[in-house]
Protein chains: 2
Amino acid sequence: MRVYLDAYRSRRIFTEAAHRACGLIRSVGAPSGLYQEAMFAVDALDEARGTVLKALKADGDVVFTSGGTEANNLAIVGAARANPAGRHIVVSAIDQPSVLAPAKDMTKAGFDVDFVGVTEDGTIDLEDLAGTIRRDTTLVSVQSVNQEVGAIQPLSAVVEVVQGSSNALLHTDATYAIGRLPVDLSRIDVDLLSFSSHRLSGPIGAGALYVRPDLNVSPHVMGDTSYHRFRGGTENVPAVAGMGVAVGVMCERKDAIWRHTDMLRRRLLDGVGSIEATRVNSPAEVTPEPTPLHSVGRPLGMPDLANVTFNFAEGEAITLYLDMEEIAVSTGSACASWNLQANYVLMAMGRTHEEAHGSIRFSFDENNTTEEIDRVVEKISEIVERLRSMSAFKPKK
Amino acid sequence: MRVYLDAYRSRRIFTEAAHRACGLIRSVGAPSGLYQEAMFAVDALDEARGTVLKALKADGDVVFTSGGTEANNLAIVGAARANPAGRHIVVSAIDQPSVLAPAKDMTKAGFDVDFVGVTEDGTIDLEDLAGTIRRDTTLVSVQSVNQEVGAIQPLSAVVEVVQGSSNALLHTDATYAIGRLPVDLSRIDVDLLSFSSHRLSGPIGAGALYVRPDLNVSPHVMGDTSYHRFRGGTENVPAVAGMGVAVGVMCERKDAIWRHTDMLRRRLLDGVGSIEATRVNSPAEVTPEPTPLHSVGRPLGMPDLANVTFNFAEGEAITLYLDMEEIAVSTGSACASWNLQANYVLMAMGRTHEEAHGSIRFSFDENNTTEEIDRVVEKISEIVERLRSMSAFKPKK
C-alpha cells in the first residue's frame, strides 16, 4: 500500500467531486451556445459560483480558470493592467511561482515590482511591508497560507498596512485556506482572491478568481469573452462543477479534517523529533480548531502540513528512498524546485542552503492513518541514518 | 430526441476518450513530484505527446495547455515575445478570437499588427498577404480551416509567400484540421501549430501547441515551469490523456467520418436549397476523400460544416425556435458573437450585415443521421417561413 503525504501538491479527489465531473464529461454544452445544452452548462457554472461565494461569505464575481496558476496570473497581470493609476506592485517573497513570475514579468510593461520579506516563522514582515508600500502602489499580493511551511499569514494586519498608506488593490492566493479554515470576506477586506481545485480535492483543470464587485480585470487568457468578460475560452464545465462540489464538502468537513490531520501531524513530529539534528520549519503552534483567517495575529501553522529539515541529508535522496518504500512526499531540494535553486521559501525565512536542501514537506488529508504515519517515521529514521552514514557531514555528538 | 448540430463548438466526446480521462481522474500525480504517481502522470503526458507528433508526422515539442484558446495565446504572445527581432505581426482577419485578441494586445507591447483579408470564398487573400509581409515581420498566423464557413486555407501558398519575403515564424490554428484531414508537417513548413481537445471529441479542458525543434516560446501562463519550460501550472493529465486518445481515434476513423458527414451535408444543402432566398456561405466544393492540408490550391470546404444565410430572417430567432424543436445549431448573429457585432468572418468575406445576421452554422459528427437531417430541413423551412411572414422584409417574388 502506497502512503501519499503530498496533499499540498495535489489533494486526493473527493468521490463526490469525481462523480460530478465525470457525470458531466459527456455533456456537450459550451456555455456560449444559444440552446438547452449551453443553458445547462451555464447553470452548472452558476451553481459552482454560488458555492464559492457562500464559502467566502462574499458578494462579487467569480471567474473560472484552468487552475490556480491561471487565476493568480489573472489577478496580477489583469488587475495591474486594468488599474494602472500607479505603476507599483508589491508581492510577498514567499508567494507561489504563479504570483512571483507574472509580477516579475510586469517589470517589462513598465511596472516597479518589490518583494517583501518574511520573518523566520514564514509570515510576512509587516515592517518591511509598511516601508515598501507607496502612495502609488497599485496592487499588493500576499498569500493566505504558505505552500511550503503552512504559515498562516496575518492578512488583517496586511490590510491595515496597505489601506493606511495607499489605494492599492489587495490580492490573496487562498489556495490552502479556502475549505481548510474560515475565510470570511465580510471580516477581511480583500479585492481579489484565487484558489485551485485539485489542492482542495476537486478535479484537476479548474481554479477560480474571486473579484470584488465593480472591480475591473483585463483578460489574461484572451479570446471569445462571450461567457465571461474577464476570460476568453470555453470553461471546463465538468472540472468547475466538480470544484464547486469539493469546496462544499471541504467546508462541511472542515472541523473533522482539521482535528484528524492535526493528530497525524503531532504524531509525525513526535516521531521524527527523536532523530537528531532535525529542525521543524513550520510554525510550532496550531490552534485546536480551524483558525479563522481574519483572526491571525501571531505565528500559526496548519494542521495538515509539517516541513522538517534533516540536517546532513539531502532532501531529494530522502524523497527517492521514501518512494522506494512506497511513501510519497515533497522536498525543497534544488532539482525538485521550479527555478533549480534551493527552496526559496526556506531561504527567505533565513534558513541556510543546507537546511533548505535537507527539507521534506509532509502534507496530510483525512485518508491518512496513524499506521501510515508510524511507518513513515520508521522508514525516514532508517533512511536519514543511512544517508548520514554515507555523507561527509556528520551531526556533532 | 435532441438533434445536436454544433460539432464545431464542441464535438461529442468519444467513449474511448471519456474512459481514459475518467479513469485517471482519481490519480493524484502532478508531473512535478519525485515519486511513482508523478512518473505515471509524466508517462500519460508522454503517450499523448507521441500520438500528437505521429498524427502531425513531425518532430519537435508539444506543450499541453488548458485548451485551444490558451494554445493560441501562447503561440502569438509567446512566440512574438521570445523572437522579437522584428516587431511586426500578421494574422488572418478570420482567425479565431483567441488569435485575434492577443495579436491586438501585442500592439500595447510595441508591435505593429496587420490583419489580412479574405476572398468571398473565405480563404486568405494571398495578394493582400504578400503586400503586408515585411522584411521585419516576426510572426504570421493563418488558421488551417475556418471555424464559421469551413474554408480550408491554402497553407502551402501561405508558406511560400511568407518565406519568400521574410524570416517570420508561421503559426497555424489547426483546430478543425487535425484528425479531420491529413496534416503532414513534413510537407508543410509551419513552426507552431495549435489545437483544442473538445473540438475533436476529446474532453474539454485541454489543448496543445506544437513547437518546431529549437524554437523558443515565452510562457504565457506563468508559474512553476518544472514540467515544461514554456508553461507554468500543473498539467490537466486526465484531459490531456483523453485528448491523445481522441486524436488517435479521429485519425483512424478520418475517412469514414469524412464520407458520412459529407453525405449529411449534401442532404442538408439539398433540403434547404428549396427554401427561397438562401445563400450558402461555405465553399461549394468538398473533395470526396479527406483533403490533405498541404495540397489545397483552390477553394475547398469541409464535409462536416455548412454555413447558410436565410435572408429576411434573423439567425438568433431561428436558433431559438430550432432549440424549441430540440435542434441545436450555431448562428453568426450579433448577440451570439464574442464582440456583439455581426459575424466578423462573414463580414470579412464581403457579406452584408443582413446576410451575416441571418446565417446559421450547421456542423455534424458521425453520430448524426439522415433522419435527423430530414427533420432539421423540415423544421427550419417552417421556422424561416414563419419569421419571414412576421418580418417587414419579404423575399422578392
# chains A, B, ... in the order shown; residues from 1 in each chain; ligands from 1
>>> interface_residues(of="chain A", to="chain B", cutoff="8 Å", atoms="only C-alpha atoms", output="ChimeraX atom specification")
/A:9-13,18,22,25-30,32-36,66-70,73,96-102,109,203-205,221-226,232-237,316,319-320,323,328-330,336-339
>>> residues_around(residues="range 361-372 of chain B", least_positions_apart="3", cutoff="9 Å", atoms="only C-alpha atoms", output="PDB file with N, CA, C and O atoms, in the first residue's frame")
ATOM      1  N   VAL B   3     -31.388  16.853 -31.466  1.00  0.00           N
ATOM      2  CA  VAL B   3     -30.503  16.776 -32.627  1.00  0.00           C
ATOM      3  C   VAL B   3     -29.405  17.810 -32.415  1.00  0.00           C
ATOM      4  O   VAL B   3     -29.676  19.016 -32.347  1.00  0.00           O
ATOM      5  N   TYR B   4     -28.169  17.346 -32.289  1.00  0.00           N
ATOM      6  CA  TYR B   4     -27.057  18.240 -31.985  1.00  0.00           C
ATOM      7  C   TYR B   4     -26.235  18.470 -33.246  1.00  0.00           C
ATOM      8  O   TYR B   4     -25.591  17.552 -33.756  1.00  0.00           O
ATOM      9  N   LEU B   5     -26.287  19.671 -33.746  1.00  0.00           N
ATOM     10  CA  LEU B   5     -25.564  20.028 -34.982  1.00  0.00           C
ATOM     11  C   LEU B   5     -24.623  21.204 -34.724  1.00  0.00           C
ATOM     12  O   LEU B   5     -24.599  22.178 -35.462  1.00  0.00           O
ATOM     13  N   ASP B   6     -23.839  21.099 -33.639  1.00  0.00           N
ATOM     14  CA  ASP B   6     -22.904  22.178 -33.321  1.00  0.00           C
ATOM     15  C   ASP B   6     -21.527  21.617 -32.966  1.00  0.00           C
ATOM     16  O   ASP B   6     -20.878  22.044 -32.011  1.00  0.00           O
ATOM     17  N   ALA B   7     -21.091  20.646 -33.793  1.00  0.00           N
ATOM     18  CA  ALA B   7     -19.813  19.971 -33.536  1.00  0.00           C
ATOM     19  C   ALA B   7     -18.618  20.911 -33.601  1.00  0.00           C
ATOM     20  O   ALA B   7     -17.570  20.616 -33.031  1.00  0.00           O
ATOM     21  N   TYR B   8     -18.764  22.055 -34.281  1.00  0.00           N
ATOM     22  CA  TYR B   8     -17.629  22.988 -34.349  1.00  0.00           C
ATOM     23  C   TYR B   8     -17.522  23.846 -33.095  1.00  0.00           C
ATOM     24  O   TYR B   8     -16.531  24.525 -32.893  1.00  0.00           O
ATOM     25  N   ARG B   9     -18.568  23.838 -32.239  1.00  0.00           N
ATOM     26  CA  ARG B   9     -18.421  24.493 -30.938  1.00  0.00           C
ATOM     27  C   ARG B   9     -17.843  23.493 -29.936  1.00  0.00           C
ATOM     28  O   ARG B   9     -16.907  23.789 -29.208  1.00  0.00           O
ATOM     29  N   ARG B  11     -17.418  19.082 -29.983  1.00  0.00           N
ATOM     30  CA  ARG B  11     -17.751  17.824 -30.661  1.00  0.00           C
ATOM     31  C   ARG B  11     -18.017  16.759 -29.601  1.00  0.00           C
ATOM     32  O   ARG B  11     -17.280  16.662 -28.610  1.00  0.00           O
ATOM     33  N   ARG B  12     -19.056  15.965 -29.795  1.00  0.00           N
ATOM     34  CA  ARG B  12     -19.390  14.966 -28.779  1.00  0.00           C
ATOM     35  C   ARG B  12     -18.201  14.052 -28.508  1.00  0.00           C
ATOM     36  O   ARG B  12     -17.560  13.570 -29.434  1.00  0.00           O
ATOM     37  N   GLU B 148     -16.157  29.193 -39.097  1.00  0.00           N
ATOM     38  CA  GLU B 148     -17.545  29.584 -39.396  1.00  0.00           C
ATOM     39  C   GLU B 148     -18.040  28.997 -40.709  1.00  0.00           C
ATOM     40  O   GLU B 148     -19.209  28.618 -40.818  1.00  0.00           O
ATOM     41  N   VAL B 149     -17.167  28.959 -41.718  1.00  0.00           N
ATOM     42  CA  VAL B 149     -17.611  28.518 -43.039  1.00  0.00           C
ATOM     43  C   VAL B 149     -16.905  27.249 -43.499  1.00  0.00           C
ATOM     44  O   VAL B 149     -17.291  26.646 -44.498  1.00  0.00           O
ATOM     45  N   ALA B 256     -13.917   7.447 -42.856  1.00  0.00           N
ATOM     46  CA  ALA B 256     -15.329   7.106 -42.666  1.00  0.00           C
ATOM     47  C   ALA B 256     -16.123   8.321 -42.186  1.00  0.00           C
ATOM     48  O   ALA B 256     -17.250   8.566 -42.636  1.00  0.00           O
ATOM     49  N   ILE B 257     -15.521   9.097 -41.269  1.00  0.00           N
ATOM     50  CA  ILE B 257     -16.209  10.292 -40.767  1.00  0.00           C
ATOM     51  C   ILE B 257     -16.394  11.295 -41.909  1.00  0.00           C
ATOM     52  O   ILE B 257     -17.454  11.903 -42.062  1.00  0.00           O
ATOM     53  N   TRP B 258     -15.358  11.448 -42.723  1.00  0.00           N
ATOM     54  CA  TRP B 258     -15.426  12.384 -43.856  1.00  0.00           C
ATOM     55  C   TRP B 258     -16.610  12.027 -44.754  1.00  0.00           C
ATOM     56  O   TRP B 258     -17.457  12.867 -45.077  1.00  0.00           O
ATOM     57  N   HIS B 260     -19.275  10.047 -44.210  1.00  0.00           N
ATOM     58  CA  HIS B 260     -20.598  10.102 -43.575  1.00  0.00           C
ATOM     59  C   HIS B 260     -21.070  11.549 -43.430  1.00  0.00           C
ATOM     60  O   HIS B 260     -22.218  11.878 -43.781  1.00  0.00           O
ATOM     61  N   THR B 261     -20.201  12.406 -42.925  1.00  0.00           N
ATOM     62  CA  THR B 261     -20.644  13.787 -42.711  1.00  0.00           C
ATOM     63  C   THR B 261     -20.870  14.495 -44.045  1.00  0.00           C
ATOM     64  O   THR B 261     -21.778  15.327 -44.162  1.00  0.00           O
ATOM     65  N   ASP B 262     -20.087  14.147 -45.047  1.00  0.00           N
ATOM     66  CA  ASP B 262     -20.278  14.770 -46.359  1.00  0.00           C
ATOM     67  C   ASP B 262     -21.653  14.411 -46.926  1.00  0.00           C
ATOM     68  O   ASP B 262     -22.338  15.247 -47.524  1.00  0.00           O
ATOM     69  N   MET B 263     -22.052  13.169 -46.716  1.00  0.00           N
ATOM     70  CA  MET B 263     -23.380  12.738 -47.169  1.00  0.00           C
ATOM     71  C   MET B 263     -24.472  13.551 -46.438  1.00  0.00           C
ATOM     72  O   MET B 263     -25.449  14.008 -47.049  1.00  0.00           O
ATOM     73  N   LEU B 264     -24.288  13.755 -45.119  1.00  0.00           N
ATOM     74  CA  LEU B 264     -25.264  14.539 -44.346  1.00  0.00           C
ATOM     75  C   LEU B 264     -25.311  15.988 -44.841  1.00  0.00           C
ATOM     76  O   LEU B 264     -26.387  16.579 -44.998  1.00  0.00           O
ATOM     77  N   ARG B 265     -24.129  16.551 -45.084  1.00  0.00           N
ATOM     78  CA  ARG B 265     -24.059  17.947 -45.529  1.00  0.00           C
ATOM     79  C   ARG B 265     -24.784  18.126 -46.860  1.00  0.00           C
ATOM     80  O   ARG B 265     -25.573  19.063 -47.041  1.00  0.00           O
ATOM     81  N   ARG B 267     -27.138  16.308 -48.105  1.00  0.00           N
ATOM     82  CA  ARG B 267     -28.571  16.130 -47.893  1.00  0.00           C
ATOM     83  C   ARG B 267     -29.196  17.402 -47.318  1.00  0.00           C
ATOM     84  O   ARG B 267     -30.284  17.828 -47.724  1.00  0.00           O
ATOM     85  N   LEU B 268     -28.491  17.997 -46.353  1.00  0.00           N
ATOM     86  CA  LEU B 268     -28.996  19.232 -45.755  1.00  0.00           C
ATOM     87  C   LEU B 268     -29.065  20.355 -46.791  1.00  0.00           C
ATOM     88  O   LEU B 268     -30.074  21.062 -46.887  1.00  0.00           O
ATOM     89  N   PRO B 303     -16.427  18.665 -45.067  1.00  0.00           N
ATOM     90  CA  PRO B 303     -17.636  17.866 -45.239  1.00  0.00           C
ATOM     91  C   PRO B 303     -18.611  18.015 -44.074  1.00  0.00           C
ATOM     92  O   PRO B 303     -19.806  17.756 -44.224  1.00  0.00           O
ATOM     93  N   ASP B 304     -18.069  18.430 -42.911  1.00  0.00           N
ATOM     94  CA  ASP B 304     -18.882  18.380 -41.693  1.00  0.00           C
ATOM     95  C   ASP B 304     -19.388  19.748 -41.265  1.00  0.00           C
ATOM     96  O   ASP B 304     -19.732  19.942 -40.098  1.00  0.00           O
ATOM     97  N   LEU B 305     -19.445  20.697 -42.204  1.00  0.00           N
ATOM     98  CA  LEU B 305     -19.940  22.030 -41.862  1.00  0.00           C
ATOM     99  C   LEU B 305     -20.650  22.647 -43.056  1.00  0.00           C
ATOM    100  O   LEU B 305     -20.184  22.535 -44.184  1.00  0.00           O
ATOM    101  N   ALA B 306     -21.786  23.277 -42.778  1.00  0.00           N
ATOM    102  CA  ALA B 306     -22.470  24.052 -43.815  1.00  0.00           C
ATOM    103  C   ALA B 306     -22.958  25.337 -43.176  1.00  0.00           C
ATOM    104  O   ALA B 306     -23.700  25.310 -42.182  1.00  0.00           O
ATOM    105  N   ASN B 307     -22.525  26.467 -43.732  1.00  0.00           N
ATOM    106  CA  ASN B 307     -22.978  27.765 -43.234  1.00  0.00           C
ATOM    107  C   ASN B 307     -23.915  28.359 -44.278  1.00  0.00           C
ATOM    108  O   ASN B 307     -23.545  28.499 -45.440  1.00  0.00           O
ATOM    109  N   VAL B 308     -25.131  28.661 -43.846  1.00  0.00           N
ATOM    110  CA  VAL B 308     -26.172  29.078 -44.784  1.00  0.00           C
ATOM    111  C   VAL B 308     -26.831  30.359 -44.265  1.00  0.00           C
ATOM    112  O   VAL B 308     -27.143  30.454 -43.074  1.00  0.00           O
ATOM    113  N   THR B 309     -27.019  31.327 -45.157  1.00  0.00           N
ATOM    114  CA  THR B 309     -27.773  32.528 -44.808  1.00  0.00           C
ATOM    115  C   THR B 309     -29.215  32.383 -45.276  1.00  0.00           C
ATOM    116  O   THR B 309     -29.464  32.009 -46.429  1.00  0.00           O
ATOM    117  N   ALA B 328     -30.086  21.792 -31.966  1.00  0.00           N
ATOM    118  CA  ALA B 328     -29.051  22.741 -31.548  1.00  0.00           C
ATOM    119  C   ALA B 328     -28.151  23.096 -32.717  1.00  0.00           C
ATOM    120  O   ALA B 328     -27.507  22.218 -33.299  1.00  0.00           O
ATOM    121  N   VAL B 329     -28.119  24.398 -33.070  1.00  0.00           N
ATOM    122  CA  VAL B 329     -27.207  24.879 -34.110  1.00  0.00           C
ATOM    123  C   VAL B 329     -26.552  26.171 -33.611  1.00  0.00           C
ATOM    124  O   VAL B 329     -26.852  26.648 -32.512  1.00  0.00           O
ATOM    125  N   SER B 330     -25.695  26.741 -34.435  1.00  0.00           N
ATOM    126  CA  SER B 330     -24.997  27.970 -34.080  1.00  0.00           C
ATOM    127  C   SER B 330     -25.373  29.064 -35.074  1.00  0.00           C
ATOM    128  O   SER B 330     -25.719  28.775 -36.216  1.00  0.00           O
ATOM    129  N   THR B 331     -25.311  30.309 -34.622  1.00  0.00           N
ATOM    130  CA  THR B 331     -25.626  31.419 -35.527  1.00  0.00           C
ATOM    131  C   THR B 331     -24.529  32.473 -35.504  1.00  0.00           C
ATOM    132  O   THR B 331     -23.830  32.627 -34.500  1.00  0.00           O
ATOM    133  N   GLY B 332     -24.388  33.185 -36.601  1.00  0.00           N
ATOM    134  CA  GLY B 332     -23.451  34.299 -36.673  1.00  0.00           C
ATOM    135  C   GLY B 332     -24.095  35.610 -36.298  1.00  0.00           C
ATOM    136  O   GLY B 332     -23.542  36.674 -36.529  1.00  0.00           O
ATOM    137  N   ARG B 375     -35.380  15.974 -40.466  1.00  0.00           N
ATOM    138  CA  ARG B 375     -36.191  16.722 -39.510  1.00  0.00           C
ATOM    139  C   ARG B 375     -35.727  18.180 -39.426  1.00  0.00           C
ATOM    140  O   ARG B 375     -36.545  19.099 -39.329  1.00  0.00           O
ATOM    141  N   VAL B 376     -34.436  18.395 -39.460  1.00  0.00           N
ATOM    142  CA  VAL B 376     -33.902  19.759 -39.415  1.00  0.00           C
ATOM    143  C   VAL B 376     -34.389  20.559 -40.627  1.00  0.00           C
ATOM    144  O   VAL B 376     -34.829  21.707 -40.494  1.00  0.00           O
ATOM    145  N   VAL B 377     -34.337  19.938 -41.802  1.00  0.00           N
ATOM    146  CA  VAL B 377     -34.777  20.634 -43.019  1.00  0.00           C
ATOM    147  C   VAL B 377     -36.251  21.009 -42.904  1.00  0.00           C
ATOM    148  O   VAL B 377     -36.658  22.148 -43.197  1.00  0.00           O
TER     149      VAL B 377
END
>>> residues_around(residues="range 186-195 of chain B", least_positions_apart="6", cutoff="7 Å", atoms="only C-alpha atoms", output="NGL selection string")
:B and (57-58 or 68 or 71-72 or 75 or 156 or 159 or 169-175 or 207-212 or 294)
>>> select_by_dssp(residues="range 282-322 of chain A", states="strand (DSSP E)", output="list in words")
Leu305, Ala306, Asn307, Val308, Thr309 and Phe310 of chain A
>>> closest_residue(among="A:Arg266, A:Arg135, A:Lys54, A:His353", to="Val247 in chain A", atoms="only C-alpha atoms")
A:Lys54
>>> atom_distance(atom1="CA of Ile373 in chain A", atom2="CA of Gly271 in chain A")
8.7 Å
>>> atom_distance(atom1="CA of Leu155 in chain B", atom2="CA of Thr107 in chain B")
25.5 Å
>>> residues_around(residues="range 46-53 of chain A", least_positions_apart="2", cutoff="9 Å", atoms="only C-alpha atoms", output="PyMOL selection string")
chain A and resi 41-44+55-64+208+210+240-245+247-248
>>> select_by_dssp(residues="range 30-151 of chain B", states="alpha helix (DSSP H)", output="PyMOL selection string")
chain B and resi 36-56+68-73+79-82+97-105+126-132
